[in-house]
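> One file is attached below, input_15.txt, containing compact mmCIF, C-alpha atoms.
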# COMPACT_ATOMS: atom_id res chain seq x y z
CA MET L 1 86.53 132.74 106.01
CA ILE L 2 86.75 129.45 107.92
CA TRP L 3 86.89 127.53 104.64
CA HIS L 4 89.71 129.79 103.42
CA VAL L 5 91.76 129.17 106.59
CA GLN L 6 91.17 125.41 106.37
CA ASN L 7 92.22 125.45 102.73
CA GLU L 8 95.45 127.28 103.58
CA ASN L 9 96.21 124.81 106.38
CA PHE L 10 95.61 121.90 104.01
CA ILE L 11 97.99 123.42 101.44
CA LEU L 12 100.66 124.00 104.09
CA ASP L 13 100.34 120.46 105.45
CA SER L 14 100.49 119.00 101.95
CA THR L 15 103.58 121.07 101.18
CA ARG L 16 105.33 119.88 104.35
CA ILE L 17 104.53 116.26 103.54
CA PHE L 18 105.79 116.67 99.97
CA MET L 19 109.01 118.37 101.09
CA LYS L 20 109.63 115.65 103.67
CA ALA L 21 109.09 112.94 101.06
CA PHE L 22 111.39 114.75 98.63
CA HIS L 23 114.04 115.11 101.33
CA LEU L 24 113.90 111.39 102.16
CA LEU L 25 114.07 110.38 98.50
CA PHE L 26 116.89 112.80 97.72
CA PHE L 27 119.14 111.79 100.61
CA HIS L 28 118.17 108.11 100.85
CA GLY L 29 117.35 107.31 97.22
CA SER L 30 120.65 105.52 96.69
CA PHE L 31 119.61 102.89 99.22
CA ILE L 32 116.70 101.85 96.99
CA PHE L 33 118.38 102.41 93.62
CA PRO L 34 117.47 98.91 92.26
CA GLU L 35 113.85 99.52 93.25
CA CYS L 36 113.92 102.93 91.59
CA ILE L 37 115.03 101.28 88.34
CA LEU L 38 111.95 99.04 88.43
CA ILE L 39 109.73 102.04 89.14
CA PHE L 40 111.25 103.82 86.14
CA GLY L 41 110.58 100.72 84.02
CA LEU L 42 106.94 100.70 85.16
CA ILE L 43 106.50 104.37 84.27
CA LEU L 44 108.17 103.83 80.89
CA LEU L 45 105.84 100.91 80.10
CA LEU L 46 102.78 103.00 80.98
CA MET L 47 103.96 105.95 78.89
CA ILE L 48 104.74 103.86 75.82
CA ASP L 49 101.51 101.89 76.11
CA SER L 50 99.41 105.06 76.36
CA THR L 51 101.13 106.92 73.50
CA SER L 52 102.02 104.18 71.01
CA ASP L 53 99.53 103.11 68.38
CA GLN L 54 101.33 99.90 67.47
CA LYS L 55 101.55 97.42 70.31
CA ASP L 56 104.89 95.87 69.59
CA ARG L 57 105.14 92.94 72.00
CA PRO L 58 108.91 92.34 71.73
CA TRP L 59 109.44 96.00 72.62
CA PHE L 60 107.49 95.66 75.87
CA TYR L 61 109.27 92.42 76.73
CA SER L 62 112.62 94.13 76.14
CA ILE L 63 111.80 97.08 78.42
CA SER L 64 110.72 94.81 81.27
CA ALA L 65 113.65 92.45 80.93
CA THR L 66 116.13 95.32 80.63
CA SER L 67 114.87 97.04 83.76
CA LEU L 68 115.17 93.78 85.69
CA VAL L 69 118.69 93.10 84.40
CA ILE L 70 119.84 96.65 85.23
CA SER L 71 118.33 96.29 88.69
CA ILE L 72 120.24 93.04 89.21
CA THR L 73 123.45 94.75 88.07
CA ALA L 74 122.92 97.64 90.49
CA LEU L 75 122.27 95.14 93.27
CA LEU L 76 125.50 93.25 92.53
CA PHE L 77 127.53 96.47 92.56
CA ARG L 78 126.15 97.17 96.03
CA TRP L 79 127.36 93.81 97.36
CA ARG L 80 129.65 93.77 100.41
CA GLU L 81 128.71 97.29 101.46
CA GLU L 82 128.16 98.08 105.12
CA PRO L 83 124.64 97.45 106.49
CA ARG L 84 122.63 100.65 106.50
CA ILE L 85 119.24 101.76 107.77
CA SER L 86 117.44 104.51 105.86
CA PHE L 87 114.09 106.27 105.56
CA SER L 88 113.86 106.99 109.29
CA GLY L 89 114.43 103.36 110.19
CA ASN L 90 111.81 101.93 107.81
CA PHE L 91 114.23 100.26 105.39
CA GLN L 92 117.52 98.43 105.83
CA THR L 93 120.10 97.14 103.36
CA ASN L 94 122.60 94.38 104.04
CA ASN L 95 124.06 91.39 102.21
CA PHE L 96 121.51 88.98 103.67
CA ASN L 97 118.58 91.01 102.31
CA GLU L 98 120.28 91.44 98.96
CA ILE L 99 120.53 87.67 98.48
CA PHE L 100 116.74 87.36 98.55
CA GLN L 101 116.32 90.47 96.42
CA PHE L 102 118.63 88.90 93.84
CA LEU L 103 116.58 85.69 93.85
CA ILE L 104 113.34 87.62 93.37
CA LEU L 105 114.80 89.62 90.48
CA LEU L 106 116.22 86.49 88.89
CA CYS L 107 112.88 84.65 89.07
CA SER L 108 111.06 87.64 87.57
CA THR L 109 113.65 87.90 84.79
CA LEU L 110 113.13 84.23 83.93
CA CYS L 111 109.37 84.62 84.19
CA ILE L 112 109.15 87.08 81.31
CA PRO L 113 110.50 84.83 78.49
CA LEU L 114 108.63 81.87 79.94
CA SER L 115 105.36 83.79 79.84
CA VAL L 116 105.40 84.43 76.07
CA GLU L 117 103.51 81.23 75.28
CA TYR L 118 101.00 81.94 78.06
CA ILE L 119 100.28 85.41 76.69
CA GLU L 120 99.79 84.02 73.21
CA CYS L 121 97.49 81.33 74.63
CA THR L 122 95.29 83.74 76.57
CA GLU L 123 95.35 86.45 73.87
CA MET L 124 95.34 89.12 76.56
CA ALA L 125 97.09 92.49 76.77
CA ILE L 126 100.82 92.17 77.31
CA THR L 127 101.38 95.52 79.02
CA GLU L 128 99.14 94.78 81.99
CA PHE L 129 100.76 91.39 82.49
CA LEU L 130 104.25 92.89 82.59
CA LEU L 131 103.10 95.69 84.89
CA PHE L 132 101.74 93.14 87.35
CA VAL L 133 104.97 91.13 87.25
CA LEU L 134 107.19 94.19 87.80
CA THR L 135 104.97 95.54 90.58
CA ALA L 136 104.96 92.19 92.36
CA THR L 137 108.76 92.13 92.07
CA LEU L 138 108.92 95.62 93.52
CA GLY L 139 106.80 94.57 96.49
CA GLY L 140 109.00 91.56 97.14
CA MET L 141 112.16 93.67 97.08
CA PHE L 142 110.74 96.17 99.55
CA LEU L 143 109.69 93.30 101.80
CA CYS L 144 113.27 92.00 101.89
CA GLY L 145 114.47 95.33 103.29
CA ALA L 146 111.48 96.08 105.53
CA ASN L 147 112.41 97.16 109.04
CA ASP L 148 109.04 98.11 110.54
CA LEU L 149 105.55 96.65 110.82
CA ILE L 150 103.97 99.03 108.32
CA THR L 151 106.43 98.18 105.54
CA ILE L 152 106.21 94.48 106.40
CA PHE L 153 102.44 94.68 105.91
CA VAL L 154 102.28 96.99 102.86
CA ALA L 155 105.03 95.27 100.82
CA PRO L 156 103.36 91.80 100.78
CA GLU L 157 100.05 93.44 99.91
CA CYS L 158 101.76 95.02 96.91
CA PHE L 159 102.59 91.69 95.32
CA SER L 160 99.45 90.04 96.73
CA PHE L 161 97.22 92.43 94.80
CA CYS L 162 99.25 91.74 91.66
CA SER L 163 98.85 88.01 92.28
CA TYR L 164 95.07 88.44 92.54
CA LEU L 165 95.01 90.32 89.25
CA LEU L 166 97.27 87.79 87.55
CA SER L 167 95.07 84.91 88.69
CA GLY L 168 92.11 86.65 87.05
CA TYR L 169 94.07 87.69 83.99
CA THR L 170 91.98 85.50 81.68
CA LYS L 171 88.74 87.17 82.74
CA ARG L 172 86.71 85.53 79.99
CA ASP L 173 87.35 82.12 81.59
CA VAL L 174 84.92 81.12 84.34
CA ARG L 175 87.62 79.05 86.07
CA SER L 176 89.87 82.09 86.23
CA ASN L 177 87.11 84.19 87.79
CA GLU L 178 86.49 81.51 90.40
CA ALA L 179 90.20 81.31 91.18
CA THR L 180 90.42 85.07 91.58
CA MET L 181 87.45 85.17 93.94
CA LYS L 182 88.88 82.40 96.15
CA TYR L 183 92.34 83.94 96.12
CA LEU L 184 90.98 87.41 96.94
CA LEU L 185 88.81 86.17 99.82
CA MET L 186 91.60 84.09 101.34
CA GLY L 187 94.11 86.88 100.82
CA GLY L 188 91.84 89.44 102.46
CA ALA L 189 91.18 87.12 105.41
CA SER L 190 94.88 86.39 105.86
CA SER L 191 95.74 90.11 105.70
CA SER L 192 93.14 90.84 108.40
CA ILE L 193 94.54 88.11 110.63
CA LEU L 194 98.10 89.30 110.04
CA VAL L 195 97.40 92.95 110.85
CA HIS L 196 95.49 91.87 113.97
CA GLY L 197 98.63 90.04 115.12
CA PHE L 198 100.69 93.14 114.37
CA SER L 199 98.33 95.23 116.51
CA TRP L 200 98.89 92.90 119.48
CA LEU L 201 102.63 93.14 118.93
CA TYR L 202 102.43 96.93 118.63
CA GLY L 203 100.48 97.27 121.86
CA SER L 204 102.62 94.83 123.82
CA SER L 205 105.83 96.65 122.88
CA GLY L 206 104.54 100.01 124.09
CA GLY L 207 103.64 101.48 120.70
CA GLU L 208 106.77 100.67 118.67
CA ILE L 209 106.78 99.72 114.98
CA GLU L 210 110.49 99.26 114.19
CA LEU L 211 111.72 95.72 114.72
CA GLN L 212 114.60 96.51 117.05
CA GLU L 213 112.52 98.99 119.00
CA ILE L 214 109.82 96.33 119.39
CA VAL L 215 112.37 93.98 120.96
CA ASN L 216 113.60 96.74 123.27
CA GLY L 217 110.03 97.69 124.16
CA LEU L 218 109.10 94.12 125.05
CA ILE L 219 112.15 93.91 127.31
CA ASN L 220 111.42 97.25 128.97
CA THR L 221 107.74 96.50 129.55
CA GLN L 222 108.45 92.90 130.64
CA MET L 223 105.84 91.68 128.13
CA TYR L 224 108.00 89.15 126.28
CA ASN L 225 106.56 86.25 128.33
CA SER L 226 102.97 87.52 128.38
CA SER L 227 99.93 85.91 126.80
CA GLY L 228 99.65 88.92 124.46
CA ILE L 229 102.85 87.94 122.69
CA SER L 230 101.58 84.37 122.31
CA ILE L 231 98.34 85.65 120.77
CA ALA L 232 100.31 87.96 118.46
CA LEU L 233 102.57 85.13 117.28
CA ILE L 234 99.58 82.85 116.66
CA PHE L 235 97.77 85.44 114.54
CA ILE L 236 100.94 86.37 112.63
CA THR L 237 101.74 82.70 111.96
CA VAL L 238 98.21 81.98 110.73
CA GLY L 239 98.15 85.11 108.56
CA ILE L 240 101.48 84.32 106.93
CA GLY L 241 100.48 80.66 106.65
CA PHE L 242 97.40 81.46 104.56
CA LYS L 243 99.49 83.69 102.30
CA LEU L 244 102.24 81.10 101.73
CA SER L 245 99.78 78.16 101.78
CA PRO L 246 101.89 75.52 103.52
CA ALA L 247 100.04 72.64 105.18
CA PRO L 248 97.53 72.87 106.84
CA PHE L 249 96.70 76.25 105.19
CA HIS L 250 96.83 74.93 101.64
CA GLN L 251 93.24 73.79 100.98
CA TRP L 252 92.43 76.73 98.68
CA THR L 253 95.64 76.57 96.63
CA PRO L 254 94.82 73.72 94.17
CA ASP L 255 91.62 75.44 93.05
CA VAL L 256 93.48 78.68 92.33
CA TYR L 257 96.24 76.91 90.39
CA GLU L 258 93.64 74.97 88.42
CA GLY L 259 91.75 78.16 87.59
CA VAL L 260 94.73 80.06 86.21
CA ARG L 261 95.82 77.30 83.83
CA CYS L 262 95.81 78.07 80.13
CA TYR L 263 93.75 75.50 78.23
The structure in this file should be written as structure tokens.

Amino acid sequence: MIWHVQNENFILDSTRIFMKAFHLLFFHGSFIFPECILIFGLILLLMIDSTSDQKDRPWFYSISATSLVISITALLFRWREEPRISFSGNFQTNNFNEIFQFLILLCSTLCIPLSVEYIECTEMAITEFLLFVLTATLGGMFLCGANDLITIFVAPECFSFCSYLLSGYTKRDVRSNEATMKYLLMGGASSSILVHGFSWLYGSSGGEIELQEIVNGLINTQMYNSSGISIALIFITVGIGFKLSPAPFHQWTPDVYEGVRCY
């Protein structure tokens, strides 16, 4: 009897969560329309790869490039619109964010034709490579519009995981395996440091996660000059530094670049 009641409560909670997610996507989906195009391209690649017997490489290249070009077009049509905040304050769209989203999409679009020789050199599966590239692009686009600490943390992890997998793409090469291990360890350490800095910022602001609410919380609690904010900024700077690898956080980067080379 107890199990039956718990099962009903779980079904009801799951239904509420699903309906809330559907409501957010239905009413706020237009704010992330370029991202939705990339998600559709990812699903299409997976479906064709799982159902097609003949792995036609130009076909997969065309799907990926087309989804990126359509996403760029949708982003350009949205230019000069009023800044908007959607998904309960978790995501914002404005012209400044769209500039960086355009640059990310453009780099990914150029990456696909430039990667043809690399794929032929490594003799690896093309679908997985394109999935990693599109997913990393998707994470970068969500990061450009992030408006809270959770999205700011999850979006970089999205393209970080894809970067780990791409660095170990040539898994038969010992150098590639070494590069992946170093990249994964440094990425995990940097993520831990970054989220620890976010926790200090979250606590100092009185439990706020949205960026503007964090600023208001720091002002209301008079914590903007406290040592907790200094500790938070130090941890956040170090965590981002290891991810971007500027000096002096760049010692691990040459080994990773050397390991992912195609010989």
> Show which residues sit within 6 Å of range 142-158 of chain L, as a PyMOL selection string. Count only C-alpha atoms, and ignore same-chain residues fewer than 4 positions away.
chain L and resi 90-93+97+209-211
> Using all atoms listed in the file, which of L:Asp255, L:Glu120, L:Glu128, L:Glu178 sits nearest Asp49 in chain L?
L:Glu128
> What is the distance between CA of Ser205 in chain L and CA of Met223 in chain L, in Å to one decimal?
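If I compute the distance from CA of Ser205 in chain L to CA of Met223 in chain L, I get 7.2 Å.
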> From the options L:Ala232, L:Ile119, L:Ala136, L:Ala74, which residue's atoms come nearest to Glu98 in chain L, counting all atoms listed in the file?
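Checking each candidate against Glu98 in chain L, we get L:Ala74 as the closest.
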> Just to confirm, what's the straight-line distance from CA of Thr170 in chain L to CA of Cys107 in chain L in Å (one decimal)?
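These atoms are spaced 22.2 Å apart.
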> Pick from L:Pro113, L:Leu46, L:Thr253, L:Glu35: nearest to Gly139 in chain L, with all atoms listed in the file counted?
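Checking each candidate against Gly139 in chain L, we get L:Glu35 as the closest.
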> Work out how far apart CA of Leu110 in chain L and CA of Phe161 in chain L are and give it in Å to one decimal.
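Distance reported for this atom pair: 20.9 Å.
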> Would you pick out the contacts of Leu134 in chain L at 9 Å or less, using only C-alpha atoms, so that residues sharing its chain but fewer than 5 positions from it are not included, and give the list as a ChimeraX atom specification?
/L:38-39,41-42,64,68,108,129,139
> Pick from L:Ser71, L:Thr51, L:Gln251, L:Ser62: nearest to Phe33 in chain L, with only C-alpha atoms counted?
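Of L:Ser71, L:Thr51, L:Gln251, L:Ser62, the one nearest Phe33 in chain L, counting only C-alpha atoms, is L:Ser71.
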> May I ask which of the residues L:Leu185, L:Ile240, L:Leu45, L:Met124 is the closest one to Val256 in chain L, counting only C-alpha atoms?
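Between L:Leu185, L:Ile240, L:Leu45, L:Met124, the residue approaching Val256 in chain L most closely is L:Leu185.
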